[in-house]
Each structure stands twice: as structure tokens, then as C-alpha cells.
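In what follows, a structure is listed as C-alpha cells, so that the remarks can point back to it.
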Number of protein chains: 2
Amino acid sequence: MELAKRIVNGDRRAAARAITMIENDSPDRQKLLKALHPNTGNAYLVGITGSPGAGKSTLTDQLLFWLRKQGLQVGVIAVDPTSPFTGGAILGDRIRMTGHSLDPGVFIRSMGTRGSLGGLARATKEAVRVLDAYGSDVILIETVGVGQSELDIMHVADTTVVVLNPTAGDHIQTMKAGIMEIADVFAINKADLPGADKTEREVNNMLDLLHDLDWRPPVVRTTSRDPATFRTLWEACSRHREYLVQSGHWGRRRRQRWQDEILAIAEQTLSRRIRQSIAAHPDWPQLLREVESGEKDPYQVADLVLEWYNTTISRP
Amino acid sequence: MELAKRIVNGDRRAAARAITMIENDSPDRQKLLKALHPNTGNAYLVGITGSPGAGKSTLTDQLLFWLRKQGLQVGVIAVDPTSPFTGGAILGDRIRMTGHSLDPGVFIRSMGTRGSLGGLARATKEAVRVLDAYGSDVILIETVGVGQSELDIMHVADTTVVVLNPTAGDHIQTMKAGIMEIADVFAINKADLPGADKTEREVNNMLDLLHDLDWRPPVVRTTSRDPATFRTLWEACSRHREYLVQSGHWGRRRRQRWQDEILAIAEQTLSRRIRQSIAAHPDWPQLLREVESGEKDPYQVADLVLEWYNTTISRP
């Protein structure tokens, strides 16, 4: 596939076009991802999440500067699941201002919810693959951490950085259930503000409560006033990456994700076939009426649908 | 099933227990819903959605008073998808204060996100069925309208009321894409505040842009200062219900939802079977490794998985 070749050869516009195809759920999407597949799996995927206003974008920018200094090629995907109707334009504008836009070693893309939240998680995952095949050494995936959908998006990352603030003491309490589970590294951002000690203590207290942590997430203080703090943050991420590789988790996690992906593809195909089999069945409208009237229940009709489907495929 | 019988006979505690079973995804969930099915389909389902702070809970309370005056039995499900980690406790406390809690003709339940947002939409749908079988004439489903997940939840309603405020002028612009599509009735709540004229004009202007509306959503001004405004709101809902029945949409929509439901059940069953078939297959771990290394792509492996599955079921 021509577009895939161009992406692998580092054609920036081809990569941008591919992500648009993914967002628009283009019919060629699957062909593209299939063609890109042999060239993926090399990028290190770092998720960056936290409450609105925690300074995720500044932190991402600072990491970008540091990674570029080391000569690494970086992709950034900024996801905003809370703005379903804006299409990510605000994030896009924000990032365009940061001065990386002319750097050929940086590819930045913002994504909003077009369809369902599930669709956004899928699109993010696939956009990551495009940037991976494009040659990114590191891909930063930034998203607002407010709910389950963001947890799903973060599921794609190898290392997840949770961004907190010194004043967020009370906030940690309410978020900890989900956040503590996905955090591999904590960044206490805006650490020059008062309260950083208290926040660090609170995070550590909570980590103490989690027994049997193979990997205890390091807590790093970051502040734009001292760019070296982002270097420390990056070193914490790199240590986590090493831990994953050494422990065997790296491969296991990636294989688990491929399994999820393969099952999702198989289920989509089955779902399409089942829909075709009911659309073609003469009894279907009558059965629906019987479910509506209460004569039949949806569970017994679902069993019938599966029988129809099985009969279809077992025919020679 | 004993629990189902008690619910149909109007046993309040049985209904509460059933919804807890649904929330906890209890193994008996499906048996319960199967047993309740013949007694469902009678309630009129009204969704109430809008931005945080629009006054949805006050509006729900006011509608409740009006419906109770008419002797109707009412169920209320207050869903908060933005609080995944609180389990809806805040909503619950709020509602307990309103004074309906001792009224046997009212059943109020708040629900938060336990698992995924998709799980919440499913649990809401199933809780509605419990309250339907319990004998509710009307079920009010209240949810914060901030994203796709709420649109999914609202999908269960026969009539959807979108709650706006006089000061929400700019907000309408950003939300309109999703909101305009699901609204059957608009309520401009807190209509005693300045700006109600402007908001009403804006909503009407946007409705003018939507061509070929079979049903043009009425715009009703409501304010707690004049309880009669909620009676007007209810009359607008009732007109929408009549429109649905007369036009045939009522039955079509309900049958469409049953179709979605049946397909979802069938797909869950298939998904479970596919997982079993790969778990039992000796080649699976090797295939995953080949996908990880890029030798095979997930699409071709998904096809293989479907072949395995088809072989399993076509065996005698």
C-alpha cells in the first residue's frame, strides 16, 4: 500500500493523512493498519494524565524539549475526551503555539471525540501505530484523567505518568481508586507552589497501603522554573521501562494488548455477520414483535439468533 | 423466580435488591431480567439531561410532585457518569433530602459508574426494566449531559428533555451537535433569570436550521417560582408521547432497542465462546508472539480465530 510505504519512509503528510483516515473511520483504515503492522512495535509509549489544570500540556512540552535534545524522534497525541463536540480544536491551537511545529523530529496531533468514547480509545490506539511506523522513538499520549474512558485510553501506554499538583490534596482522595492503579510514575507538577511536601507525603502514604508492589511508582517533583526536573521525570520513566523489560512484563503486556485487539477484530466481524443473518431471516420482524409484547424474552431470542448464525456457517 | 414475583407484586425492597444485583453484575442478573420481561414495556421513560448546574435535580423533583398529584407511580434513576469513583453517593444524599423518600408511590435510585461507562448504560437500562416491572407508570432518568456516554444512556428514553439555562447562550453553541439530535423537549430552567428570551430565541433559531423535523421540540420555560411551569413541561412531554404513538415511532423505536439488546446478548455469548476457543488452542501463544514481532498482523490472526470458532461449532 502506497500510503503505508510513505509513512514508513517518514513522510509527514502521509502520517497526518493516515490519522485523519482513522478518525473518519475510512474504509481503507484496516488495509492501512495491516500494511503498517510489520513496522510497528518499536516506539516507547508514555501516557500523561491528570486533572484539568494540572499542567499536563506544559509538562508534555518540557518533556518534548528534553527528548529532542537527546535526538529522539517524538510523537505527541493529545486526547480530550471531555470535549466531544469540539473535535480537539482547542488542544490543537494550544499546541501549535509551543514552537515545536517546525521541528521535523516532532509530530503533534490532537484528537477529540468524534463518535463514542470507545471509538476515541480505538482511534488513539491506531494513531499511535501510525506514529510508531512513522519512526517515532517515543510517543507521548496526553489525556485528561477524569473517568473510565481515559483509563481505557491510558491502557495503550507502556508507562503512565499521573500529574498532580501541590494543592491537589483533597483531589487525590477522590481519584485514587482509578488513578493509583494506572500510575507508573507520579509527577507533582508546579512543585514550586506551597504544599508540595504534603502532596508527596500523601502519595507515598497511599503507595504504602498497596502491598506487594513489584514496581513502586516513583514520585518526581517538576516545575517549569527548573527544566532539569523534567529530565529527572524522564529518567523515572526510563527506569520503569527497564523494569518492564527485565521482569518480562513488557512482552506480556504487549501480547495481552494484541490478544485484546485480535478478539475485538474477530468480534466486529462476527457482529457484522450476525446482523446480516437476522436481516435476511423472514421470521425476524415477528420475533421482535413478540419480544416487545412480552411473549418472548430477549435471551431466548438471542439463542435463536446464534442458532441461525451457526446454521449459516456450518453449511458447506 | 421468587424475587421477580415480589417485584411485580410491588415489593419495594425486592426492587432495590434487584437493582443492586444489576449494579454488581450478579450471576442471577440474567435470570431475573428474563423473569421480569413479560411484565415490562408499560412505563413511559423520560430522560432529563443538561449541563452540570442546569437545575436538573430541581426540575426532576418538581416533575415528581406534579406526577404524584395525578396519582401516577414514578421511578427516578439519577445517573452520574462523571463520578466514576464515588458510586453516586452524592446524588443519593441529595435526593434523600427532597421529601419523597417516604412516599410509597415514588422509587428513587442513584447510580454511579462502577465499571466502564458502557457498563453504566447497560445497568441503567436494566434498572429501568426493574422499575417498569415494579409498576412505575413513569420513569424519569436524570443524567449529566456532557458527553457520548450520556447520549448512550439517554438512548433508553422515549422522550428526552434537555435542560438549559438563560445564561447558557454560549454553551448551547458548543453542545448543540449532540444535544440538538437527542432533544424531544427543551426546558429553559431558572427562566426567572435574565436572558430567557435570548436563550429561547437561540434554541428556536437552531431548530429552524434543522429541516424536515417531523416533531419540532417545544421550548418550555420552567422556574421553581411557578410550579405550574412544570405542568406545562409535562404536557409537552405527553404531546411527544402521543406523537410517537400516532406516528408509529413508539413501536419502531422500542423494537429497534430490543433488536440492539438481543444482538448485544448474542455478541456477549459469542465473545465468551471465542475466548474459550483460543484459550484451548495450542497454537495461540505462538501466534501472539508472531503478531508482536510483526510476522503476522492482527487481522489475519482474527480470521484464523474465527475459523477455529466455526470449526468448533460445526462439529456434531
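Letters A, B, ... mark the chains of the C-alpha cells in the order given; residue numbers begin at 1 per chain; ligand numbers begin at 1, in order shown.
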
Could you name the residues that touch region 220-234 of chain A at 9 Å or less, counting only C-alpha atoms, but leaving out those on the same chain fewer than 2 positions away, as a list of chain:residue names?
->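 Result of the neighbour search: A:Thr58, A:Leu59, A:Gln62, A:Leu63, A:Trp66, A:Leu67, A:Val185, A:Phe186, A:Ala187, A:Ile188, A:Asn189, A:Lys190, A:Ala191, A:Asp192, A:Ala196, A:Glu200, A:Pro218, A:Ala236, A:Cys237, A:Ser238, A:Arg239.
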
Just list the residues in region 198-282 of chain B DSSP gives alpha helix (DSSP H) on the backbone, as a PyMOL selection string.
-> chain B and resi 198-209+228-247+249-279

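Remark: for chain A, the closest of the candidate residues B:Gly50, B:Gly112, B:Pro27, B:Pro38 is B:Pro38 (distances computed over only C-alpha atoms).
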
Distance criterion (only C-alpha atoms): nearest to Ile77 (chain B) out of B:Leu140, B:His37, B:Ser51, B:Asp25 =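 Using only C-alpha atoms, the shortest distance to Ile77 (chain B) belongs to B:Leu140.
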
Residues within 10 Å of Val156 (chain B), only C-alpha atoms, excluding chain neighbours under 2 positions, as a list in words | Leu45, Val46, Gly47, Ala121, Arg122, Thr124, Lys125, Glu126, Val128, Ile141, Leu151, Asp152, Ile153, Met154, Asp158, Thr159, Thr160, Arg253, Arg254 and Arg257 of chain B

Kindly export the residues of the current selection with N, CA and C atoms, as a compact mmCIF listing (two decimals), in the first residue's frame.
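Dumped to result-v6.txt:
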# COMPACT_ATOMS: atom_id res chain seq x y z
N LEU B 45 -40.85 6.29 29.58
CA LEU B 45 -39.49 6.59 30.01
C LEU B 45 -39.07 7.99 29.56
N VAL B 46 -38.81 8.86 30.52
CA VAL B 46 -38.47 10.24 30.22
C VAL B 46 -37.04 10.53 30.69
N GLY B 47 -36.18 10.88 29.75
CA GLY B 47 -34.80 11.25 30.08
C GLY B 47 -34.70 12.74 30.35
N ALA B 121 -24.38 2.40 31.17
CA ALA B 121 -25.51 2.49 30.26
C ALA B 121 -26.34 1.20 30.35
N ARG B 122 -25.67 0.06 30.40
CA ARG B 122 -26.36 -1.23 30.48
C ARG B 122 -27.11 -1.35 31.81
N THR B 124 -28.18 1.01 33.73
CA THR B 124 -29.31 1.95 33.74
C THR B 124 -30.50 1.34 33.01
N LYS B 125 -30.23 0.81 31.84
CA LYS B 125 -31.27 0.18 31.02
C LYS B 125 -31.96 -0.94 31.80
N GLU B 126 -31.17 -1.73 32.50
CA GLU B 126 -31.72 -2.87 33.23
C GLU B 126 -32.47 -2.41 34.48
N VAL B 128 -34.06 0.32 34.72
CA VAL B 128 -35.33 0.82 34.19
C VAL B 128 -36.33 -0.32 34.06
N ILE B 141 -35.29 9.44 34.03
CA ILE B 141 -33.88 9.07 34.03
C ILE B 141 -33.09 10.37 33.90
N LEU B 151 -25.27 10.41 26.06
CA LEU B 151 -26.13 10.20 24.90
C LEU B 151 -26.55 8.73 24.83
N ASP B 152 -25.61 7.85 25.15
CA ASP B 152 -25.94 6.42 25.16
C ASP B 152 -26.99 6.11 26.21
N ILE B 153 -26.87 6.73 27.37
CA ILE B 153 -27.83 6.47 28.44
C ILE B 153 -29.20 6.99 28.04
N MET B 154 -29.21 8.17 27.41
CA MET B 154 -30.48 8.77 27.02
C MET B 154 -31.20 7.96 25.94
N ASP B 158 -38.01 7.28 26.01
CA ASP B 158 -38.98 7.55 24.94
C ASP B 158 -38.95 9.03 24.59
N THR B 159 -38.88 9.86 25.63
CA THR B 159 -38.84 11.31 25.44
C THR B 159 -37.64 11.86 26.20
N THR B 160 -36.84 12.70 25.56
CA THR B 160 -35.69 13.28 26.22
C THR B 160 -35.87 14.79 26.39
N ARG B 253 -39.27 2.39 17.59
CA ARG B 253 -38.12 2.68 18.44
C ARG B 253 -37.92 1.58 19.47
N ARG B 254 -39.01 1.14 20.06
CA ARG B 254 -38.88 0.09 21.08
C ARG B 254 -38.38 -1.22 20.45
N ARG B 257 -34.75 -0.98 19.83
CA ARG B 257 -33.97 -1.17 21.06
C ARG B 257 -33.90 -2.64 21.45

Considering only C-alpha atoms, return as a VMD selection string whatever protein or nucleic-acid residues lie within 7 Å of region 262-266 of chain A, sequence-local ones (same chain, fewer than 4 positions apart) excluded.
-> (chain A and resid 258 270) or (chain B and resid 298 to 299 301 to 303 306)
